[in-house]
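Enquirer: See target_22.txt below, with compact mmCIF, C-alpha atoms and all ligand atoms.
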```txt
# COMPACT_ATOMS: atom_id res chain seq x y z
CA MET A 204 -157.22 -8.59 -152.57
CA SER A 205 -156.00 -7.11 -155.78
CA LYS A 206 -154.21 -4.14 -154.29
CA LEU A 207 -152.65 -5.44 -151.11
CA ILE A 208 -149.77 -3.28 -149.91
CA LEU A 209 -147.36 -4.67 -147.32
CA VAL A 210 -146.37 -1.86 -144.97
CA THR A 211 -143.42 -2.92 -142.83
CA GLY A 212 -143.10 -0.87 -139.66
CA GLY A 213 -146.70 0.20 -140.21
CA THR A 214 -147.53 0.73 -136.54
CA GLY A 215 -144.60 3.18 -136.30
CA TYR A 216 -144.74 6.95 -136.64
CA ILE A 217 -144.54 7.50 -140.40
CA GLY A 218 -145.93 4.06 -141.26
CA SER A 219 -149.17 4.57 -139.33
CA HIS A 220 -149.88 7.89 -141.08
CA THR A 221 -149.15 6.26 -144.42
CA CYS A 222 -151.54 3.35 -143.74
CA ILE A 223 -154.39 5.85 -143.30
CA GLU A 224 -153.61 7.61 -146.59
CA LEU A 225 -153.31 4.27 -148.42
CA MET A 226 -156.67 3.03 -147.12
CA ASN A 227 -158.27 6.39 -147.91
CA GLU A 228 -157.19 5.76 -151.50
CA GLY A 229 -158.74 2.28 -151.60
CA PHE A 230 -155.67 0.12 -151.01
CA GLU A 231 -155.75 -2.88 -148.72
CA VAL A 232 -153.03 -2.74 -146.12
CA LEU A 233 -151.09 -5.47 -144.37
CA ILE A 234 -148.86 -4.25 -141.57
CA ALA A 235 -145.87 -6.33 -140.53
CA ASP A 236 -144.26 -4.96 -137.39
CA ASN A 237 -142.48 -6.58 -134.43
CA LEU A 238 -143.67 -3.75 -132.13
CA SER A 239 -140.09 -3.06 -131.04
CA ASN A 240 -140.77 0.68 -131.27
CA SER A 241 -144.55 0.95 -131.47
CA ASP A 242 -147.70 -0.12 -129.71
CA ILE A 243 -150.47 -2.38 -130.96
CA SER A 244 -153.03 0.28 -129.93
CA VAL A 245 -151.91 2.29 -132.97
CA LEU A 246 -154.16 -0.04 -134.98
CA ASP A 247 -157.17 1.44 -133.13
CA GLY A 248 -156.04 4.95 -134.04
CA ILE A 249 -155.69 3.95 -137.69
CA GLU A 250 -159.12 2.34 -137.69
CA LYS A 251 -160.75 5.28 -135.94
CA THR A 252 -159.35 7.67 -138.53
CA SER A 253 -159.76 5.71 -141.74
CA GLY A 254 -162.81 3.61 -140.84
CA LYS A 255 -160.87 0.47 -141.75
CA ARG A 256 -158.60 -1.83 -139.82
CA PRO A 257 -155.48 -3.02 -141.65
CA PHE A 258 -154.40 -6.65 -141.51
CA PHE A 259 -151.66 -7.00 -138.90
CA GLU A 260 -148.93 -9.58 -138.39
CA LYS A 261 -146.42 -9.38 -135.57
CA VAL A 262 -143.29 -10.33 -137.47
CA ASP A 263 -139.60 -9.70 -136.96
CA LEU A 264 -138.33 -9.10 -140.48
CA SER A 265 -134.73 -9.58 -139.42
CA ASP A 266 -135.72 -13.24 -138.93
CA GLU A 267 -135.64 -15.02 -142.28
CA THR A 268 -138.06 -17.85 -141.46
CA SER A 269 -140.72 -15.50 -140.08
CA THR A 270 -140.42 -13.28 -143.13
CA ASN A 271 -140.78 -16.27 -145.45
CA LEU A 272 -143.90 -17.40 -143.57
CA LEU A 273 -145.42 -13.93 -143.91
CA PHE A 274 -145.07 -14.03 -147.69
CA ASP A 275 -146.43 -17.60 -147.81
CA LYS A 276 -149.51 -16.52 -145.86
CA TYR A 277 -150.24 -13.46 -148.04
CA PRO A 278 -149.73 -14.35 -151.71
CA GLY A 279 -151.56 -11.22 -152.93
CA ILE A 280 -148.99 -8.54 -152.05
CA VAL A 281 -148.44 -6.21 -155.03
CA ALA A 282 -146.09 -3.69 -153.45
CA ILE A 283 -144.15 -3.02 -150.27
CA ILE A 284 -143.40 0.13 -148.33
CA HIS A 285 -140.44 -0.65 -146.13
CA PHE A 286 -140.40 1.55 -143.02
CA ALA A 287 -139.25 -1.08 -140.51
CA ALA A 288 -135.86 -0.15 -139.11
CA TYR A 289 -134.15 1.07 -135.98
CA LYS A 290 -133.63 4.83 -136.19
CA ALA A 291 -132.01 6.16 -133.02
CA VAL A 292 -128.81 7.83 -134.22
CA GLY A 293 -127.09 8.01 -130.82
CA GLU A 294 -127.86 4.39 -129.93
CA SER A 295 -126.52 3.28 -133.30
CA VAL A 296 -123.14 4.76 -132.36
CA SER A 297 -123.00 2.77 -129.11
CA ILE A 298 -124.59 -0.47 -130.40
CA PRO A 299 -123.73 -0.50 -134.13
CA LEU A 300 -124.30 -4.23 -134.70
CA LYS A 301 -127.89 -3.96 -133.49
CA TYR A 302 -128.50 -1.43 -136.29
CA TYR A 303 -126.58 -3.23 -139.02
CA TYR A 304 -128.22 -6.55 -138.12
CA ASN A 305 -131.78 -5.26 -138.07
CA ASN A 306 -131.78 -2.72 -140.87
CA LEU A 307 -129.75 -4.72 -143.39
CA ASN A 308 -131.19 -8.18 -142.71
CA SER A 309 -134.78 -6.93 -142.84
CA LEU A 310 -134.25 -5.47 -146.29
CA ILE A 311 -132.40 -8.55 -147.55
CA HIS A 312 -135.17 -10.89 -146.35
CA LEU A 313 -137.78 -8.72 -148.04
CA LEU A 314 -135.87 -8.65 -151.32
CA ASN A 315 -135.38 -12.43 -151.27
CA ASN A 316 -139.10 -12.91 -150.81
CA MET A 317 -139.93 -10.38 -153.50
CA GLU A 318 -137.91 -12.50 -155.89
CA ARG A 319 -139.39 -15.76 -154.57
CA LYS A 320 -143.00 -14.52 -154.76
CA LYS A 321 -142.62 -12.23 -157.80
CA VAL A 322 -143.49 -9.04 -155.95
CA ALA A 323 -142.19 -6.26 -158.19
CA ASN A 324 -142.49 -3.00 -156.30
CA ILE A 325 -140.83 -1.51 -153.25
CA VAL A 326 -140.71 1.95 -151.70
CA PHE A 327 -137.82 2.42 -149.29
CA SER A 328 -137.56 4.87 -146.36
CA SER A 329 -134.29 6.66 -146.78
CA SER A 330 -133.04 9.84 -145.18
CA CYS A 331 -131.39 13.17 -145.95
CA THR A 332 -128.68 11.95 -143.61
CA VAL A 333 -127.09 10.39 -146.74
CA TYR A 334 -126.08 13.92 -147.88
CA GLY A 335 -124.15 14.72 -144.67
CA GLU A 336 -123.17 18.41 -144.76
CA PRO A 337 -124.08 19.24 -148.37
CA ASP A 338 -121.77 21.40 -150.50
CA GLU A 339 -124.72 23.17 -152.11
CA LEU A 340 -128.15 24.12 -150.80
CA PRO A 341 -130.92 23.34 -151.40
CA VAL A 342 -129.64 19.80 -151.84
CA THR A 343 -130.71 17.86 -154.94
CA GLU A 344 -130.93 14.10 -155.41
CA LYS A 345 -127.78 14.34 -157.54
CA ALA A 346 -125.66 15.63 -154.65
CA PRO A 347 -122.87 13.27 -153.64
CA ILE A 348 -123.42 10.81 -150.84
CA LYS A 349 -121.11 11.78 -147.98
CA PRO A 350 -119.47 9.41 -145.48
CA ALA A 351 -122.14 8.55 -142.94
CA SER A 352 -121.84 10.25 -139.56
CA SER A 353 -123.43 7.30 -137.71
CA PRO A 354 -124.00 3.57 -138.15
CA TYR A 355 -127.71 4.39 -138.55
CA GLY A 356 -126.93 6.73 -141.45
CA ASN A 357 -124.62 4.10 -142.89
CA THR A 358 -127.44 1.52 -142.89
CA LYS A 359 -129.49 3.90 -145.08
CA GLN A 360 -126.59 4.27 -147.50
CA ILE A 361 -125.92 0.53 -147.61
CA CYS A 362 -129.64 -0.24 -148.06
CA GLU A 363 -129.76 2.12 -151.05
CA GLU A 364 -126.75 0.27 -152.50
CA ILE A 365 -128.36 -3.12 -151.86
CA LEU A 366 -131.47 -1.90 -153.67
CA ARG A 367 -129.47 -0.52 -156.61
CA ASP A 368 -127.42 -3.70 -157.04
CA THR A 369 -130.45 -5.99 -156.68
CA GLY A 370 -132.45 -3.88 -159.13
CA ALA A 371 -129.62 -4.18 -161.64
CA VAL A 372 -129.96 -7.97 -161.82
CA ASN A 373 -133.62 -8.57 -160.98
CA GLU A 374 -135.39 -7.29 -164.06
CA ASN A 375 -138.82 -7.41 -162.41
CA LEU A 376 -137.86 -5.14 -159.56
CA ASN A 377 -138.97 -1.48 -159.40
CA ILE A 378 -137.71 0.66 -156.58
CA ILE A 379 -138.42 4.12 -155.25
CA SER A 380 -136.18 5.42 -152.49
CA LEU A 381 -137.63 8.37 -150.60
CA ARG A 382 -135.17 10.55 -148.73
CA TYR A 383 -137.06 12.18 -145.89
CA PHE A 384 -135.87 15.43 -144.38
CA ASN A 385 -137.27 16.06 -140.85
CA PRO A 386 -140.75 14.53 -140.45
CA VAL A 387 -142.76 16.26 -137.71
CA GLY A 388 -146.34 16.73 -136.50
CA ALA A 389 -149.25 14.35 -136.10
CA HIS A 390 -152.49 13.47 -137.83
CA PRO A 391 -154.91 16.43 -137.45
CA SER A 392 -157.41 14.07 -135.78
CA ALA A 393 -154.81 13.41 -133.05
CA ASN A 394 -155.78 9.74 -133.28
CA ILE A 395 -152.16 8.92 -134.11
CA GLY A 396 -148.84 10.72 -133.77
CA GLU A 397 -145.25 10.25 -132.70
CA LEU A 398 -144.70 8.17 -129.55
CA PRO A 399 -141.00 8.34 -128.70
CA LEU A 400 -139.82 5.88 -126.06
CA GLY A 401 -138.04 7.54 -123.13
CA VAL A 402 -136.33 10.90 -123.54
CA PRO A 403 -136.85 12.14 -127.10
CA ASN A 404 -133.79 12.75 -129.26
CA ASN A 405 -135.64 14.78 -131.85
CA LEU A 406 -136.47 18.45 -131.57
CA VAL A 407 -140.25 18.58 -131.90
CA PRO A 408 -141.18 15.82 -129.43
CA PHE A 409 -138.73 17.40 -126.98
CA ILE A 410 -140.45 20.76 -127.44
CA THR A 411 -143.96 19.38 -126.89
CA GLN A 412 -142.86 17.31 -123.87
CA THR A 413 -141.23 20.40 -122.35
CA ALA A 414 -144.33 22.49 -122.99
CA ILE A 415 -146.55 19.87 -121.31
CA GLY A 416 -144.24 19.76 -118.28
CA LEU A 417 -142.59 16.36 -118.76
CA ARG A 418 -139.15 17.96 -119.33
CA ASP A 419 -137.69 20.95 -117.47
CA GLU A 420 -136.32 22.80 -120.47
CA LEU A 421 -135.25 22.35 -124.06
CA LYS A 422 -131.54 22.46 -124.77
CA VAL A 423 -130.81 24.25 -128.02
CA PHE A 424 -127.72 22.56 -129.41
CA GLY A 425 -125.40 25.35 -130.57
CA SER A 426 -125.85 29.02 -131.42
CA ASP A 427 -122.54 29.56 -133.21
CA TYR A 428 -123.46 28.04 -136.57
CA ASN A 429 -123.01 30.07 -139.73
CA THR A 430 -126.75 30.78 -140.01
CA PRO A 431 -128.73 34.03 -139.55
CA ASP A 432 -129.54 33.38 -135.86
CA GLY A 433 -126.66 30.99 -135.18
CA THR A 434 -128.81 27.87 -134.68
CA ALA A 435 -128.84 24.91 -137.07
CA ILE A 436 -131.18 24.76 -140.04
CA ARG A 437 -133.37 21.85 -141.13
CA ASP A 438 -136.31 21.17 -143.42
CA TYR A 439 -139.32 20.16 -141.28
CA ILE A 440 -141.92 18.25 -143.25
CA ASN A 441 -145.45 17.48 -142.06
CA VAL A 442 -145.91 13.74 -141.54
CA VAL A 443 -149.27 13.65 -143.36
CA ASP A 444 -147.76 15.40 -146.38
CA LEU A 445 -144.97 12.84 -146.22
CA ALA A 446 -147.45 9.96 -145.97
CA LYS A 447 -149.28 11.19 -149.08
CA ALA A 448 -146.07 11.05 -151.10
CA HIS A 449 -145.91 7.31 -150.38
CA VAL A 450 -149.32 6.75 -151.91
CA ILE A 451 -148.19 8.60 -155.03
CA ALA A 452 -145.01 6.52 -155.13
CA ILE A 453 -147.03 3.30 -154.88
CA LYS A 454 -149.37 4.40 -157.67
CA ARG A 455 -146.34 5.31 -159.76
CA LEU A 456 -144.81 1.87 -159.26
CA LEU A 457 -148.07 0.09 -160.00
CA GLY A 458 -148.66 2.21 -163.09
CA LYS A 459 -146.54 2.85 -166.12
CA ALA A 460 -144.59 5.85 -164.89
CA GLY A 461 -142.63 3.91 -162.32
CA LYS A 462 -141.07 1.37 -164.60
CA LYS A 463 -137.52 2.42 -163.91
CA LYS A 464 -135.11 0.34 -161.86
CA LEU A 465 -134.47 2.86 -159.13
CA GLU A 466 -135.76 6.34 -158.58
CA VAL A 467 -134.77 8.60 -155.70
CA PHE A 468 -136.80 11.54 -154.44
CA ASN A 469 -136.22 14.16 -151.75
CA LEU A 470 -139.23 14.66 -149.52
CA GLY A 471 -139.06 18.02 -147.79
CA THR A 472 -140.62 21.45 -147.98
CA GLY A 473 -137.65 23.19 -149.59
CA ARG A 474 -137.59 25.65 -146.71
CA GLY A 475 -134.75 25.79 -144.21
CA VAL A 476 -135.83 26.69 -140.68
CA SER A 477 -133.60 27.32 -137.66
CA VAL A 478 -134.12 25.82 -134.19
CA LEU A 479 -135.07 29.25 -132.80
CA GLU A 480 -137.58 29.69 -135.62
CA VAL A 481 -139.16 26.33 -134.72
CA ILE A 482 -139.42 27.46 -131.09
CA ASN A 483 -141.07 30.74 -132.15
CA ALA A 484 -143.50 28.95 -134.45
CA PHE A 485 -144.38 26.50 -131.67
CA GLU A 486 -145.04 29.33 -129.19
CA LYS A 487 -147.35 30.98 -131.72
CA ALA A 488 -149.16 27.74 -132.53
CA SER A 489 -149.64 26.66 -128.91
CA GLY A 490 -149.76 29.93 -127.00
CA VAL A 491 -147.24 28.37 -124.57
CA LYS A 492 -143.96 30.07 -123.68
CA LEU A 493 -141.22 27.49 -123.99
CA LYS A 494 -138.39 27.22 -121.49
CA TYR A 495 -135.09 26.71 -123.26
CA LYS A 496 -131.38 27.37 -122.94
CA ILE A 497 -128.54 27.42 -125.43
CA VAL A 498 -125.91 24.74 -124.88
CA ASP A 499 -122.98 23.37 -126.90
CA ARG A 500 -123.43 21.83 -130.32
CA ARG A 501 -124.51 18.18 -130.44
CA GLU A 502 -121.83 15.93 -131.88
CA GLY A 503 -122.52 14.78 -135.42
CA ASP A 504 -125.05 17.53 -136.25
CA VAL A 505 -124.80 19.24 -139.60
CA GLU A 506 -125.10 23.01 -139.85
CA LYS A 507 -127.78 23.29 -142.47
CA VAL A 508 -129.66 21.01 -144.78
CA PHE A 509 -132.85 21.55 -146.73
CA ALA A 510 -134.28 19.96 -149.81
CA ASP A 511 -134.45 20.90 -153.43
CA THR A 512 -137.92 19.45 -153.99
CA ARG A 513 -138.28 20.20 -157.69
CA PHE A 514 -137.83 16.61 -158.81
CA ALA A 515 -140.54 15.34 -156.45
CA ASN A 516 -142.77 18.29 -157.36
CA THR A 517 -142.56 17.72 -161.10
CA GLU A 518 -142.13 13.94 -161.38
CA LEU A 519 -144.45 12.85 -158.56
CA GLY A 520 -146.77 15.84 -158.80
CA TRP A 521 -146.39 16.10 -155.02
CA LYS A 522 -145.78 19.14 -152.87
CA ALA A 523 -145.69 19.66 -149.13
CA GLU A 524 -148.80 21.67 -148.29
CA LYS A 525 -148.93 22.26 -144.58
CA ASN A 526 -147.02 25.13 -143.00
CA LEU A 527 -144.85 24.84 -139.93
CA GLU A 528 -147.27 26.46 -137.48
CA GLU A 529 -150.12 24.19 -138.53
CA THR A 530 -147.78 21.21 -138.25
CA LEU A 531 -146.57 22.19 -134.78
CA ALA A 532 -150.18 22.78 -133.71
CA SER A 533 -150.94 19.17 -134.70
CA ALA A 534 -147.95 17.92 -132.66
CA TRP A 535 -149.19 19.95 -129.68
CA LYS A 536 -152.75 18.65 -130.01
CA TRP A 537 -151.38 15.08 -130.00
CA GLU A 538 -149.13 15.70 -126.99
CA LYS A 539 -152.06 17.12 -125.00
CA LYS A 540 -154.29 14.23 -125.98
CA ILE A 541 -151.86 11.49 -124.93
CA ARG A 542 -151.20 13.24 -121.61
CA ASN A 543 -154.96 13.75 -121.04
CA LYS A 544 -154.56 17.56 -120.89
P1 LIG A 601 -140.64 4.21 -135.98
O1 LIG A 601 -139.63 3.62 -135.06
O2 LIG A 601 -141.76 4.97 -135.39
O3 LIG A 601 -141.26 3.05 -136.92
C1 LIG A 601 -140.50 1.94 -137.32
C2 LIG A 601 -141.34 0.70 -137.04
O4 LIG A 601 -140.59 -0.45 -137.48
C3 LIG A 601 -141.64 0.49 -135.56
O5 LIG A 601 -143.02 0.30 -135.39
C4 LIG A 601 -140.85 -0.77 -135.18
O6 LIG A 601 -141.53 -1.53 -134.20
C5 LIG A 601 -140.75 -1.48 -136.51
N1 LIG A 601 -139.59 -2.38 -136.66
C6 LIG A 601 -138.27 -2.12 -136.43
N2 LIG A 601 -137.55 -3.21 -136.70
C7 LIG A 601 -138.40 -4.17 -137.14
C8 LIG A 601 -138.24 -5.52 -137.56
N3 LIG A 601 -137.05 -6.12 -137.58
N4 LIG A 601 -139.33 -6.21 -137.93
C9 LIG A 601 -140.57 -5.63 -137.90
N5 LIG A 601 -140.78 -4.38 -137.50
C10 LIG A 601 -139.70 -3.66 -137.11
O7 LIG A 601 -139.84 5.11 -137.05
P2 LIG A 601 -140.39 6.17 -138.10
O8 LIG A 601 -140.00 7.51 -137.62
O9 LIG A 601 -141.79 5.88 -138.44
O10 LIG A 601 -139.44 5.83 -139.33
C11 LIG A 601 -139.83 4.96 -140.36
C12 LIG A 601 -138.68 4.82 -141.34
O11 LIG A 601 -138.32 6.09 -141.85
C13 LIG A 601 -137.41 4.22 -140.75
O12 LIG A 601 -136.82 3.39 -141.71
C14 LIG A 601 -136.55 5.44 -140.50
O13 LIG A 601 -135.19 5.11 -140.51
C15 LIG A 601 -136.93 6.30 -141.68
N6 LIG A 601 -136.69 7.73 -141.44
C16 LIG A 601 -137.28 8.33 -140.36
C17 LIG A 601 -137.04 9.68 -140.12
C18 LIG A 601 -137.66 10.37 -138.93
O14 LIG A 601 -137.23 11.47 -138.61
N7 LIG A 601 -138.66 9.81 -138.26
C19 LIG A 601 -136.20 10.41 -140.98
C20 LIG A 601 -135.64 9.76 -142.07
C21 LIG A 601 -135.90 8.41 -142.30
C1 LIG A 602 -131.72 13.31 -136.77
C2 LIG A 602 -130.65 12.45 -137.33
C3 LIG A 602 -131.03 11.97 -138.71
C4 LIG A 602 -132.34 11.21 -138.64
C5 LIG A 602 -133.39 12.11 -138.00
C6 LIG A 602 -134.65 11.33 -137.76
C7 LIG A 602 -128.60 13.26 -136.27
C8 LIG A 602 -127.27 13.91 -136.50
N1 LIG A 602 -129.39 13.17 -137.35
O1 LIG A 602 -131.86 14.45 -137.62
O2 LIG A 602 -130.03 11.10 -139.20
O3 LIG A 602 -132.74 10.82 -139.92
O4 LIG A 602 -132.93 12.60 -136.73
O5 LIG A 602 -134.62 10.60 -136.60
O6 LIG A 602 -128.91 12.85 -135.17
N2 LIG A 602 -132.11 20.00 -131.48
C9 LIG A 602 -131.95 20.78 -130.36
N3 LIG A 602 -132.34 20.28 -129.16
C10 LIG A 602 -132.89 19.02 -129.02
C11 LIG A 602 -133.05 18.23 -130.18
C12 LIG A 602 -132.63 18.75 -131.39
O7 LIG A 602 -131.46 21.91 -130.44
O8 LIG A 602 -133.21 18.63 -127.89
C13 LIG A 602 -131.71 20.54 -132.79
C14 LIG A 602 -130.64 19.71 -133.47
O9 LIG A 602 -129.36 20.16 -133.10
C15 LIG A 602 -130.96 19.98 -134.94
C16 LIG A 602 -132.47 20.19 -134.96
O10 LIG A 602 -132.83 20.49 -133.63
O11 LIG A 602 -130.33 21.17 -135.36
C17 LIG A 602 -133.23 18.95 -135.40
O12 LIG A 602 -132.78 17.84 -134.63
P1 LIG A 602 -133.46 16.39 -134.71
O13 LIG A 602 -134.92 16.51 -134.57
O14 LIG A 602 -132.73 15.52 -133.74
O15 LIG A 602 -133.18 15.93 -136.20
P2 LIG A 602 -131.79 15.85 -137.01
O16 LIG A 602 -130.62 15.98 -136.13
O17 LIG A 602 -131.90 16.82 -138.13
```
Using structure tokens, write down the structure that the file contains.
Expert:
Amino acid sequence: MSKLILVTGGTGYIGSHTCIELMNEGFEVLIADNLSNSDISVLDGIEKTSGKRPFFEKVDLSDETSTNLLFDKYPGIVAIIHFAAYKAVGESVSIPLKYYYNNLNSLIHLLNNMERKKVANIVFSSSCTVYGEPDELPVTEKAPIKPASSPYGNTKQICEEILRDTGAVNENLNIISLRYFNPVGAHPSANIGELPLGVPNNLVPFITQTAIGLRDELKVFGSDYNTPDGTAIRDYINVVDLAKAHVIAIKRLLGKAGKKKLEVFNLGTGRGVSVLEVINAFEKASGVKLKYKIVDRREGDVEKVFADTRFANTELGWKAEKNLEETLASAWKWEKKIRNK
């Protein structure tokens, strides 16, 4: 087990896609997930797609003893990709301690064990939420961090600070923080995809669930933004493209290029797309007319944010490849498959 990668949150949405790409590249994968927001059957989807089944341990990383036992059981871990976290923005506003407890403790327990077991490399799932409403677009990694608009966003900022401060004193530690823009879509095989619990908060799962008939209509949050069609602009990145960037980050950390304390990369397409443009692209990709209505803005939403991807493009040699229609077609294929349609 010379190249064992610990993928925390690996049965989740982005984690499961990343496990496939890692195994396709010859890495051995150990998933640690407490299944708080994912299903064990995801392992079958990963195996069906990659031909290999990752090791799996049901572990709550916010529990110190369980995390210690995990590292004792698997001495061969060479790097970690840390996806495990709670991510529901709205819930984090109403139950902040749940988010601070889980997201901060899980990272701290991992870092303690990395020091204890001499594991040198970690890739962290961060978010473009750290930029808030950026002063300049596209937003670069050098843009200032803005006050977080939710406890969830604040956990991402604090985790980045924890990583920076720990990297400064632990000379063996190498860190890459990846700031995702808006991950969407599913694996083209439709063996895995996004499985939101209950009513989706995010745009694309809400669109596909409306199109399949689970929801009456999509509410478009605001049409009075200072954008060409008045709806808010985001940078929607295909989840498989995103997953591939993690493999590159791991190779970078394991090789010479990654020997810097902390590197931060934006992962987006560089293209800003409005909500109405997403709806149009979905209708084209699926052939389904979507029912929607314009309502008031959603509290806490920014007007526009999209990535300057040049640093990731040049330093990682990575670029988002899939276009929005193709990505939405993959989300639609997945939605139809899980609803048996
Ligand atoms: P997800 O909820 O699908 O996956 C997270 C996984 O972590 C789940 O399987 C969950 O069961 C697990 N988990 C949570 N707490 C845990 C704990 N204490 N111990 C063990 N497992 C635990 O979310 P995702 O969309 O795949 O996101 C992955 C990461 O990327 C998260 O850190 C998220 O904050 C970050 N991120 C996501 C997005 C997005 O739009 N999906 C955007 C930016 C950043
Ligand atoms: C949200 C979070 C962000 C988090 C990301 C991943 C907020 C303010 N931000 O990003 O921190 O990292 O999810 O979970 O919640 N929209 C509609 N109708 C809907 C749903 C969304 O019009 O039913 C619009 C939103 O107003 C937004 C766009 O679609 O303009 C994308 O929304 P969403 O998918 O929720 O992502 P973000 O808000 O960008």
Enquirer: Dump as a tab-separated table the rows for residues of chain A within 9 Å of ligand LIG 602 (chain A): closest atom pair and distance in Å with one decimal, all atoms listed in the file counted, ordered by chain and rising residue number.
Expert:
```
residue	atom	partner	partner_atom	distance
A:Lys290	CA	A:LIG602	O5	5.9
A:Ala291	CA	A:LIG602	O5	6.3
A:Val292	CA	A:LIG602	O6	5.1
A:Gly293	CA	A:LIG602	O6	6.8
A:Ser329	CA	A:LIG602	O3	8.2
A:Ser330	CA	A:LIG602	O3	5.4
A:Cys331	CA	A:LIG602	O3	6.6
A:Thr332	CA	A:LIG602	O2	4.7
A:Val333	CA	A:LIG602	O2	8.1
A:Gly335	CA	A:LIG602	C8	8.8
A:Ser352	CA	A:LIG602	C8	7.2
A:Ser353	CA	A:LIG602	C8	7.7
A:Tyr355	CA	A:LIG602	O2	7.1
A:Gly356	CA	A:LIG602	O2	5.8
A:Tyr383	CA	A:LIG602	O3	7.5
A:Phe384	CA	A:LIG602	O3	7.1
A:Asn385	CA	A:LIG602	O17	6.1
A:Pro386	CA	A:LIG602	C6	7.4
A:Val387	CA	A:LIG602	O13	8.4
A:Pro403	CA	A:LIG602	O8	7.5
A:Asn404	CA	A:LIG602	O14	5.4
A:Asn405	CA	A:LIG602	O13	3.3
A:Leu406	CA	A:LIG602	C11	3.7
A:Val407	CA	A:LIG602	O13	6.3
A:Pro408	CA	A:LIG602	O13	8.1
A:Phe409	CA	A:LIG602	O8	5.7
A:Ile410	CA	A:LIG602	O8	7.6
A:Leu421	CA	A:LIG602	O8	5.7
A:Lys422	CA	A:LIG602	N3	5.0
A:Val423	CA	A:LIG602	O7	3.4
A:Phe424	CA	A:LIG602	O7	3.9
A:Gly425	CA	A:LIG602	O7	7.0
A:Thr434	CA	A:LIG602	O11	6.9
A:Ala435	CA	A:LIG602	O11	4.4
A:Ile436	CA	A:LIG602	O11	6.0
A:Arg437	CA	A:LIG602	O17	6.0
A:Asp438	CA	A:LIG602	O17	8.1
A:Tyr439	CA	A:LIG602	C17	8.6
A:Ser477	CA	A:LIG602	O11	7.3
A:Val478	CA	A:LIG602	O10	5.5
A:Leu479	CA	A:LIG602	O7	8.5
A:Val481	CA	A:LIG602	O10	8.7
A:Ile497	CA	A:LIG602	O7	8.0
A:Val498	CA	A:LIG602	O7	8.4
A:Arg500	CA	A:LIG602	O9	6.8
A:Arg501	CA	A:LIG602	O9	5.9
A:Glu502	CA	A:LIG602	C8	7.4
A:Gly503	CA	A:LIG602	C8	4.9
A:Asp504	CA	A:LIG602	C8	4.3
A:Val505	CA	A:LIG602	C8	6.6
A:Glu506	CA	A:LIG602	O11	7.1
A:Lys507	CA	A:LIG602	O11	7.8
A:Val508	CA	A:LIG602	O17	8.2
```
Enquirer: Considering all atoms listed in the file, can you say which of A:Gly254, A:Pro354, A:Gly279, A:Gly458 comes closest to A:Lys321?
Expert: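 Answer, going by the shortest atom-to-atom distance: A:Gly279.
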Enquirer: Between A:Asn308, A:Thr268, A:Asn237, A:Asn377, which residue has the minimum interatomic distance to A:Lys463, considering all atoms listed in the file?
Expert: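 Ranking A:Asn308, A:Thr268, A:Asn237, A:Asn377 by distance to A:Lys463, first place goes to A:Asn377.
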Enquirer: Could you list, with a cut-off of 9 Å and counting only C-alpha atoms and all ligand atoms, the residues of chain A near ligand LIG 601 (chain A), each shown with its nearest atom pair and the distance in Å rounded to one decimal, rows sorted by chain and ascending number, as CSV?
Expert:
```
residue,atom,partner,partner_atom,distance
A:Thr211,CA,A:LIG601,N5,6.1
A:Gly212,CA,A:LIG601,O4,3.4
A:Gly213,CA,A:LIG601,O5,6.1
A:Thr214,CA,A:LIG601,O5,4.7
A:Gly215,CA,A:LIG601,O3,3.4
A:Tyr216,CA,A:LIG601,O9,3.6
A:Ile217,CA,A:LIG601,O9,3.7
A:Gly218,CA,A:LIG601,O9,5.3
A:Ser219,CA,A:LIG601,O9,7.5
A:His220,CA,A:LIG601,O9,8.7
A:Ala235,CA,A:LIG601,C9,6.0
A:Asp236,CA,A:LIG601,N5,3.5
A:Asn237,CA,A:LIG601,C9,4.1
A:Leu238,CA,A:LIG601,O6,3.7
A:Ser239,CA,A:LIG601,O6,3.8
A:Asn240,CA,A:LIG601,O6,3.7
A:Ser241,CA,A:LIG601,O5,4.3
A:Asp242,CA,A:LIG601,O5,7.4
A:Lys261,CA,A:LIG601,C9,7.3
A:Val262,CA,A:LIG601,C9,5.4
A:Asp263,CA,A:LIG601,N4,3.6
A:Leu264,CA,A:LIG601,N4,4.0
A:Ser265,CA,A:LIG601,N3,4.6
A:Asp266,CA,A:LIG601,N3,7.4
A:Thr270,CA,A:LIG601,N4,8.8
A:His285,CA,A:LIG601,O12,7.0
A:Phe286,CA,A:LIG601,C12,4.1
A:Ala287,CA,A:LIG601,O4,3.4
A:Ala288,CA,A:LIG601,C6,4.1
A:Tyr289,CA,A:LIG601,C6,5.2
A:Lys290,CA,A:LIG601,O13,4.6
A:Ala291,CA,A:LIG601,O13,8.2
A:Tyr304,CA,A:LIG601,N3,8.9
A:Asn305,CA,A:LIG601,N3,5.4
A:Asn306,CA,A:LIG601,N3,7.1
A:Asn308,CA,A:LIG601,N3,8.1
A:Ser309,CA,A:LIG601,N3,5.8
A:Phe327,CA,A:LIG601,O12,7.7
A:Ser328,CA,A:LIG601,O11,4.7
A:Ser329,CA,A:LIG601,C21,5.1
A:Ser330,CA,A:LIG601,C20,4.1
A:Cys331,CA,A:LIG601,C20,6.7
A:Thr332,CA,A:LIG601,C20,7.5
A:Tyr355,CA,A:LIG601,O13,7.8
A:Gly356,CA,A:LIG601,O13,8.5
A:Thr358,CA,A:LIG601,O13,8.9
A:Lys359,CA,A:LIG601,O13,7.4
A:Leu381,CA,A:LIG601,C21,8.5
A:Arg382,CA,A:LIG601,C20,6.7
A:Tyr383,CA,A:LIG601,C20,4.7
A:Phe384,CA,A:LIG601,C19,6.1
A:Asn385,CA,A:LIG601,O14,5.1
A:Pro386,CA,A:LIG601,O14,5.0
A:Val387,CA,A:LIG601,O14,7.4
A:Glu397,CA,A:LIG601,O2,6.9
A:Leu398,CA,A:LIG601,O2,7.3
A:Pro399,CA,A:LIG601,O2,7.5
A:Asn405,CA,A:LIG601,O14,7.7
A:Val442,CA,A:LIG601,N7,8.9
```
